[in-house]
$ cat final_4.csv   # CSV, C-alpha atoms
chain,number,residue,atom,x,y,z
A,167,MET,CA,73.4,71.4,101.0
A,168,LYS,CA,75.9,72.8,98.5
A,169,LYS,CA,78.8,74.6,100.1
A,170,PRO,CA,78.6,78.3,99.2
A,171,THR,CA,81.4,80.0,97.4
A,172,ILE,CA,82.8,82.9,99.5
A,173,ILE,CA,85.1,85.1,97.6
A,174,LYS,CA,87.6,86.9,99.8
A,175,ILE,CA,88.2,89.8,97.4
A,176,ASP,CA,90.9,91.5,99.4
A,177,LYS,CA,93.0,88.4,99.5
A,178,ILE,CA,92.5,87.7,95.8
A,179,MET,CA,93.4,91.3,94.8
A,180,ALA,CA,96.5,91.3,97.0
A,181,SER,CA,97.5,88.1,95.2
A,182,LEU,CA,96.8,89.6,91.8
A,183,ASN,CA,98.9,92.7,92.7
A,184,ARG,CA,101.8,90.5,93.7
A,185,TYR,CA,101.5,88.5,90.4
A,186,LYS,CA,101.5,91.8,88.4
A,187,GLU,CA,104.9,92.6,90.1
A,188,SER,CA,106.4,89.2,89.5
A,189,PRO,CA,109.3,88.6,87.1
A,190,GLU,CA,107.1,86.1,85.2
A,191,PHE,CA,104.4,88.7,84.5
A,192,LYS,CA,106.9,91.4,83.7
A,193,ALA,CA,108.5,89.1,81.2
A,194,LYS,CA,105.2,88.7,79.4
A,195,ILE,CA,104.8,92.5,79.2
A,196,GLU,CA,108.2,92.7,77.7
A,197,ASP,CA,107.3,90.0,75.3
A,198,ALA,CA,104.3,92.0,74.2
A,199,ARG,CA,106.4,95.2,73.8
A,200,LYS,CA,108.8,93.3,71.6
A,201,ALA,CA,105.9,92.0,69.5
A,202,TYR,CA,104.7,95.5,69.0
A,203,GLU,CA,108.2,96.7,68.1
A,204,LYS,CA,108.4,94.0,65.4
A,205,ASP,CA,104.8,94.8,64.1
A,206,ARG,CA,104.9,98.5,64.1
A,207,VAL,CA,106.2,98.6,60.5
A,208,TRP,CA,102.8,97.4,59.2
A,209,LEU,CA,100.8,98.5,62.2
A,210,GLU,CA,101.5,102.3,62.2
A,211,PRO,CA,100.2,102.9,58.7
A,212,LEU,CA,97.0,101.2,59.7
A,213,LEU,CA,96.7,103.3,62.9
A,214,ASN,CA,97.1,106.4,61.0
A,215,ALA,CA,94.6,105.4,58.3
A,216,LYS,CA,90.9,106.3,58.5
A,217,SER,CA,88.5,103.7,60.0
B,153,MET,CA,75.1,86.2,70.2
B,154,ASN,CA,72.5,85.4,72.9
B,155,ILE,CA,74.9,84.1,75.5
B,156,GLU,CA,74.8,86.1,78.6
B,157,GLU,CA,78.2,87.3,79.9
B,158,TYR,CA,79.2,86.6,83.5
B,159,PRO,CA,78.7,89.5,86.0
B,160,ILE,CA,81.9,91.6,85.8
B,161,VAL,CA,83.6,93.5,88.6
B,162,ALA,CA,85.7,96.5,87.6
B,163,ASN,CA,88.2,96.4,90.4
B,164,ASN,CA,90.0,99.4,89.1
B,165,PRO,CA,90.3,101.1,85.7
B,166,SER,CA,92.6,98.4,84.4
B,167,THR,CA,91.5,95.3,86.2
B,168,TYR,CA,88.3,93.3,85.8
B,169,THR,CA,87.3,90.1,87.5
B,170,PHE,CA,84.6,87.5,87.0
B,171,VAL,CA,83.8,84.0,88.1
B,172,SER,CA,83.6,81.2,85.5
B,173,ILE,CA,81.1,78.6,86.5
B,174,GLY,CA,81.4,75.2,84.9
B,175,LYS,CA,82.2,71.5,85.2
B,176,SER,CA,85.5,72.2,87.0
B,177,GLY,CA,83.8,74.4,89.6
B,178,ASN,CA,83.9,78.2,90.1
B,179,ILE,CA,87.1,79.7,88.8
B,180,ILE,CA,88.0,83.3,89.4
B,181,LYS,CA,89.4,85.0,86.3
B,182,ALA,CA,90.9,88.4,85.8
B,183,VAL,CA,91.4,90.5,82.7
B,184,VAL,CA,94.3,92.9,83.2
B,185,PHE,CA,95.3,95.8,81.0
B,186,GLN,CA,98.9,96.4,81.9
B,187,GLU,CA,100.7,99.6,80.7
B,188,ILE,CA,103.6,99.1,78.3
B,189,ASP,CA,103.7,102.8,77.4
B,190,ILE,CA,101.2,105.7,77.6
B,191,VAL,CA,99.2,104.4,74.7
B,192,LEU,CA,100.0,100.7,74.4
B,193,LYS,CA,98.4,98.3,77.0
B,194,ASN,CA,98.9,94.6,77.2
B,195,MET,CA,95.8,92.5,77.9
B,196,ALA,CA,96.1,89.3,79.9
B,197,LEU,CA,93.4,86.8,80.8
B,198,LEU,CA,94.4,85.2,84.2
B,199,ASP,CA,93.1,82.4,86.3
B,200,TYR,CA,93.2,82.3,90.1
B,201,ASN,CA,94.4,79.1,91.8
B,202,GLU,CA,92.8,79.1,95.3
B,203,ILE,CA,95.1,76.3,96.5
B,204,ASP,CA,98.4,78.1,96.0
B,205,ASP,CA,96.9,81.6,96.1
B,206,ASN,CA,98.5,82.6,92.8
B,207,TRP,CA,97.5,83.6,89.3
B,208,SER,CA,98.5,82.2,86.0
B,209,ASP,CA,97.9,82.9,82.3
B,210,MET,CA,99.0,79.4,81.3
B,211,ALA,CA,96.1,77.5,82.9
B,212,ASN,CA,93.8,75.3,80.9
B,213,THR,CA,90.8,75.2,83.2
B,214,ASN,CA,88.5,73.4,80.7
B,215,ASN,CA,85.5,74.6,82.5
B,216,GLY,CA,83.1,73.9,79.7
B,217,ASP,CA,81.9,77.5,79.4
B,218,ILE,CA,84.1,78.9,76.7
B,219,SER,CA,81.4,80.8,74.9
B,220,ARG,CA,80.3,82.6,78.0
B,221,THR,CA,83.9,83.3,78.9
B,222,MET,CA,84.5,84.7,75.4
B,223,LYS,CA,81.4,87.0,75.6
B,224,THR,CA,82.6,88.2,79.0
B,225,VAL,CA,86.1,89.0,77.8
B,226,LEU,CA,84.7,90.9,74.8
B,227,THR,CA,82.4,92.9,77.1
B,228,ILE,CA,85.4,93.8,79.2
B,229,ILE,CA,87.4,94.9,76.2
B,230,ILE,CA,84.5,97.0,75.0
B,231,ASP,CA,84.3,98.7,78.4
B,232,PHE,CA,88.0,99.3,78.6
B,233,ILE,CA,88.4,100.7,75.1
B,234,THR,CA,85.2,102.9,75.5
B,235,HIS,CA,86.8,104.5,78.6
B,236,ASN,CA,90.3,104.6,77.0
B,237,PRO,CA,89.7,105.4,73.3
B,238,SER,CA,93.2,106.6,72.7
B,239,ASN,CA,94.8,103.3,73.9
B,240,LEU,CA,96.0,100.5,71.7
B,241,ILE,CA,95.6,97.1,73.2
B,242,VAL,CA,98.0,94.3,72.4
B,243,ILE,CA,96.9,90.7,73.0
B,244,LYS,CA,99.5,88.0,72.6
B,245,GLY,CA,98.4,84.4,72.8
B,246,ASN,CA,100.9,82.5,74.9
B,247,THR,CA,99.4,79.0,74.7
B,248,LYS,CA,97.8,77.0,71.9
B,249,LEU,CA,94.5,77.2,73.6
B,250,LYS,CA,94.7,81.0,74.1
B,251,ILE,CA,95.7,81.5,70.5
B,252,LEU,CA,92.7,79.4,69.4
B,253,LEU,CA,90.4,81.2,71.9
B,254,TYR,CA,91.3,84.7,70.7
B,255,ASN,CA,91.1,83.7,67.0
B,256,ARG,CA,87.6,82.3,67.7
B,257,ILE,CA,86.5,85.3,69.7
B,258,PHE,CA,87.4,87.8,67.1
B,259,LYS,CA,86.3,85.8,64.2
B,260,ASN,CA,83.0,84.5,65.5
B,261,TYR,CA,81.8,87.5,67.5
B,262,PHE,CA,82.5,90.3,65.0
B,263,GLN,CA,78.9,91.5,65.1
B,264,TYR,CA,79.0,92.0,68.8
B,265,TYR,CA,82.1,94.2,69.0
B,266,ALA,CA,82.2,95.8,65.5
B,267,ASP,CA,80.5,99.0,66.7
B,268,TYR,CA,83.1,99.5,69.4
B,269,PHE,CA,86.6,98.5,68.2
B,270,VAL,CA,88.6,97.1,65.3
B,271,VAL,CA,91.0,94.2,65.5
B,272,LEU,CA,94.3,94.6,63.6
B,273,THR,CA,96.5,91.7,62.7
B,274,GLU,CA,99.2,91.2,60.1
B,275,GLY,CA,97.1,90.0,57.2
B,276,LYS,CA,97.3,89.7,53.4
B,277,ASN,CA,98.0,93.0,51.7
B,278,GLY,CA,98.1,95.0,54.9
B,279,LYS,CA,94.4,94.7,55.4
B,280,GLU,CA,93.2,96.6,58.4
B,281,MET,CA,90.5,94.3,59.6
B,282,ALA,CA,91.6,90.9,60.8
B,283,THR,CA,90.7,88.4,58.1
B,284,PHE,CA,91.4,85.2,60.0
B,285,ASP,CA,92.6,83.5,56.9
B,286,LYS,CA,95.2,82.0,59.2
B,287,MET,CA,95.8,81.7,62.9
B,288,HIS,CA,97.2,84.8,64.5
B,289,LYS,CA,99.2,85.0,67.7
B,290,VAL,CA,99.1,88.7,68.2
B,291,PHE,CA,96.2,91.1,68.0
B,292,TYR,CA,95.9,94.8,68.3
B,293,ILE,CA,92.7,96.5,69.3
B,294,ARG,CA,91.8,100.1,68.8
B,295,SER,CA,88.6,102.0,69.4
B,296,LYS,CA,86.3,102.9,66.5
B,297,GLU,CA,86.5,106.4,68.1
B,298,SER,CA,90.3,106.3,68.2
B,299,PRO,CA,91.7,109.8,67.6
B,300,LYS,CA,93.8,110.1,64.4
$ encode --input "final_4.csv" --output "structure tokens"
Amino acid sequence: MKKPTIIKIDKIMASLNRYKESPEFKAKIEDARKAYEKDRVWLEPLLNAKS
Amino acid sequence: MNIEEYPIVANNPSTYTFVSIGKSGNIIKAVVFQEIDIVLKNMALLDYNEIDDNWSDMANTNNGDISRTMKTVLTIIIDFITHNPSNLIVIKGNTKLKILLYNRIFKNYFQYYADYFVVLTEGKNGKEMATFDKMHKVFYIRSKESPK
């Protein structure tokens, strides 16, 4: 019989919350912010344009 | 696009999880929208490693279910942007595989998401819609209902 997959959601979410607070993940957020700062020159006119 | 997405759990307004089922087994994945500022949110697709109880956005799980995973991620983006129409989502591919994945998602599944959001990339002549005439590393997503 195949072993069932039991997901311990509390443990997984606690782990995810720790990861979100990690320097590694925060560095990626900062990386995304820098990309936006670089791109806002062409992005902002598009955001202000009509769809 | 007849592929069925995986069942999605919205753990909180900015975190969704699902289980990828494929040749490498069952892999728990999360899509997280992390706040950069009040409008701008970074989207990350993360994999859970049960052995070391940690998450990573660098994993190459090669689970043989890329189409179903793509549909699931798109469905999550649609849900998030529908609930947060004033937000701008930034997605930055951090590995070759992720860059390829996101380019494929937005190019191939336009019909699925076009009613809900637009994808902005730096293209020729400042075109608003992503043209995918080249590979993009960064994508911006805004709601079709985005306030002007």
$ residues_near_point --input "final_4.csv" --point "(84.2, 94.3, 77.2)" --cutoff "12 Å" --atoms "only C-alpha atoms" --output "short mmCIF file (atom, residue, chain, number, x, y, z; two decimals) with C-alpha atoms, in the coordinates of the input"
data_model
loop_
_atom_site.label_atom_id
_atom_site.label_comp_id
_atom_site.auth_asym_id
_atom_site.auth_seq_id
_atom_site.Cartn_x
_atom_site.Cartn_y
_atom_site.Cartn_z
CA GLU B 157 78.20 87.30 79.90
CA TYR B 158 79.20 86.60 83.50
CA PRO B 159 78.70 89.50 86.00
CA ILE B 160 81.90 91.60 85.80
CA VAL B 161 83.60 93.50 88.60
CA ALA B 162 85.70 96.50 87.60
CA SER B 166 92.60 98.40 84.40
CA THR B 167 91.50 95.30 86.20
CA TYR B 168 88.30 93.30 85.80
CA THR B 169 87.30 90.10 87.50
CA PHE B 170 84.60 87.50 87.00
CA VAL B 183 91.40 90.50 82.70
CA VAL B 184 94.30 92.90 83.20
CA PHE B 185 95.30 95.80 81.00
CA MET B 195 95.80 92.50 77.90
CA THR B 221 83.90 83.30 78.90
CA MET B 222 84.50 84.70 75.40
CA LYS B 223 81.40 87.00 75.60
CA THR B 224 82.60 88.20 79.00
CA VAL B 225 86.10 89.00 77.80
CA LEU B 226 84.70 90.90 74.80
CA THR B 227 82.40 92.90 77.10
CA ILE B 228 85.40 93.80 79.20
CA ILE B 229 87.40 94.90 76.20
CA ILE B 230 84.50 97.00 75.00
CA ASP B 231 84.30 98.70 78.40
CA PHE B 232 88.00 99.30 78.60
CA ILE B 233 88.40 100.70 75.10
CA THR B 234 85.20 102.90 75.50
CA HIS B 235 86.80 104.50 78.60
CA ASN B 236 90.30 104.60 77.00
CA ILE B 257 86.50 85.30 69.70
CA TYR B 264 79.00 92.00 68.80
CA TYR B 265 82.10 94.20 69.00
CA ALA B 266 82.20 95.80 65.50
CA TYR B 268 83.10 99.50 69.40
CA PHE B 269 86.60 98.50 68.20
CA ILE B 293 92.70 96.50 69.30
CA SER B 295 88.60 102.00 69.40
#
$ atom_distance --input "final_4.csv" --atom1 "atom CA of B:Tyr292" --atom2 "atom CA of B:Asn206"
27.5 Å
$ closest_residue --input "final_4.csv" --among "B:Asn201, B:Gly216, B:Asn163, B:Gly174" --to "A:Asp176" --atoms "only C-alpha atoms"
B:Asn163
$ closest_atom_pairs --input "final_4.csv" --of "chain A" --to "chain B" --cutoff "8 Å" --atoms "all atoms listed in the file" --output "Markdown table"
| residue | atom | partner | partner_atom | distance |
| --- | --- | --- | --- | --- |
| A:Thr171 | CA | B:Asn178 | CA | 7.9 |
| A:Ile178 | CA | B:Asp205 | CA | 7.5 |
| A:Ser181 | CA | B:Asn206 | CA | 6.1 |
| A:Leu182 | CA | B:Trp207 | CA | 6.5 |
| A:Tyr185 | CA | B:Trp207 | CA | 6.4 |
| A:Ile195 | CA | B:Asn194 | CA | 6.6 |
| A:Glu196 | CA | B:Ile188 | CA | 7.9 |
| A:Ala198 | CA | B:Lys244 | CA | 6.4 |
| A:Arg199 | CA | B:Ile188 | CA | 6.6 |
| A:Ala201 | CA | B:Val290 | CA | 7.7 |
| A:Tyr202 | CA | B:Val242 | CA | 7.6 |
| A:Asp205 | CA | B:Glu274 | CA | 7.8 |
| A:Trp208 | CA | B:Gly278 | CA | 6.8 |
| A:Leu209 | CA | B:Leu272 | CA | 7.7 |
| A:Leu212 | CA | B:Glu280 | CA | 6.1 |
| A:Leu213 | CA | B:Lys300 | CA | 7.5 |
| A:Asn214 | CA | B:Lys300 | CA | 6.0 |
| A:Ala215 | CA | B:Lys300 | CA | 7.7 |
| A:Lys216 | CA | B:Lys300 | CA | 7.6 |
| A:Ser217 | CA | B:Lys296 | CA | 6.9 |
$ atom_distance --input "final_4.csv" --atom1 "atom CA of B:Ala211" --atom2 "atom CA of A:Phe191"
14.0 Å
$ atom_distance --input "final_4.csv" --atom1 "atom CA of B:Met210" --atom2 "atom CA of A:Lys192"
14.6 Å
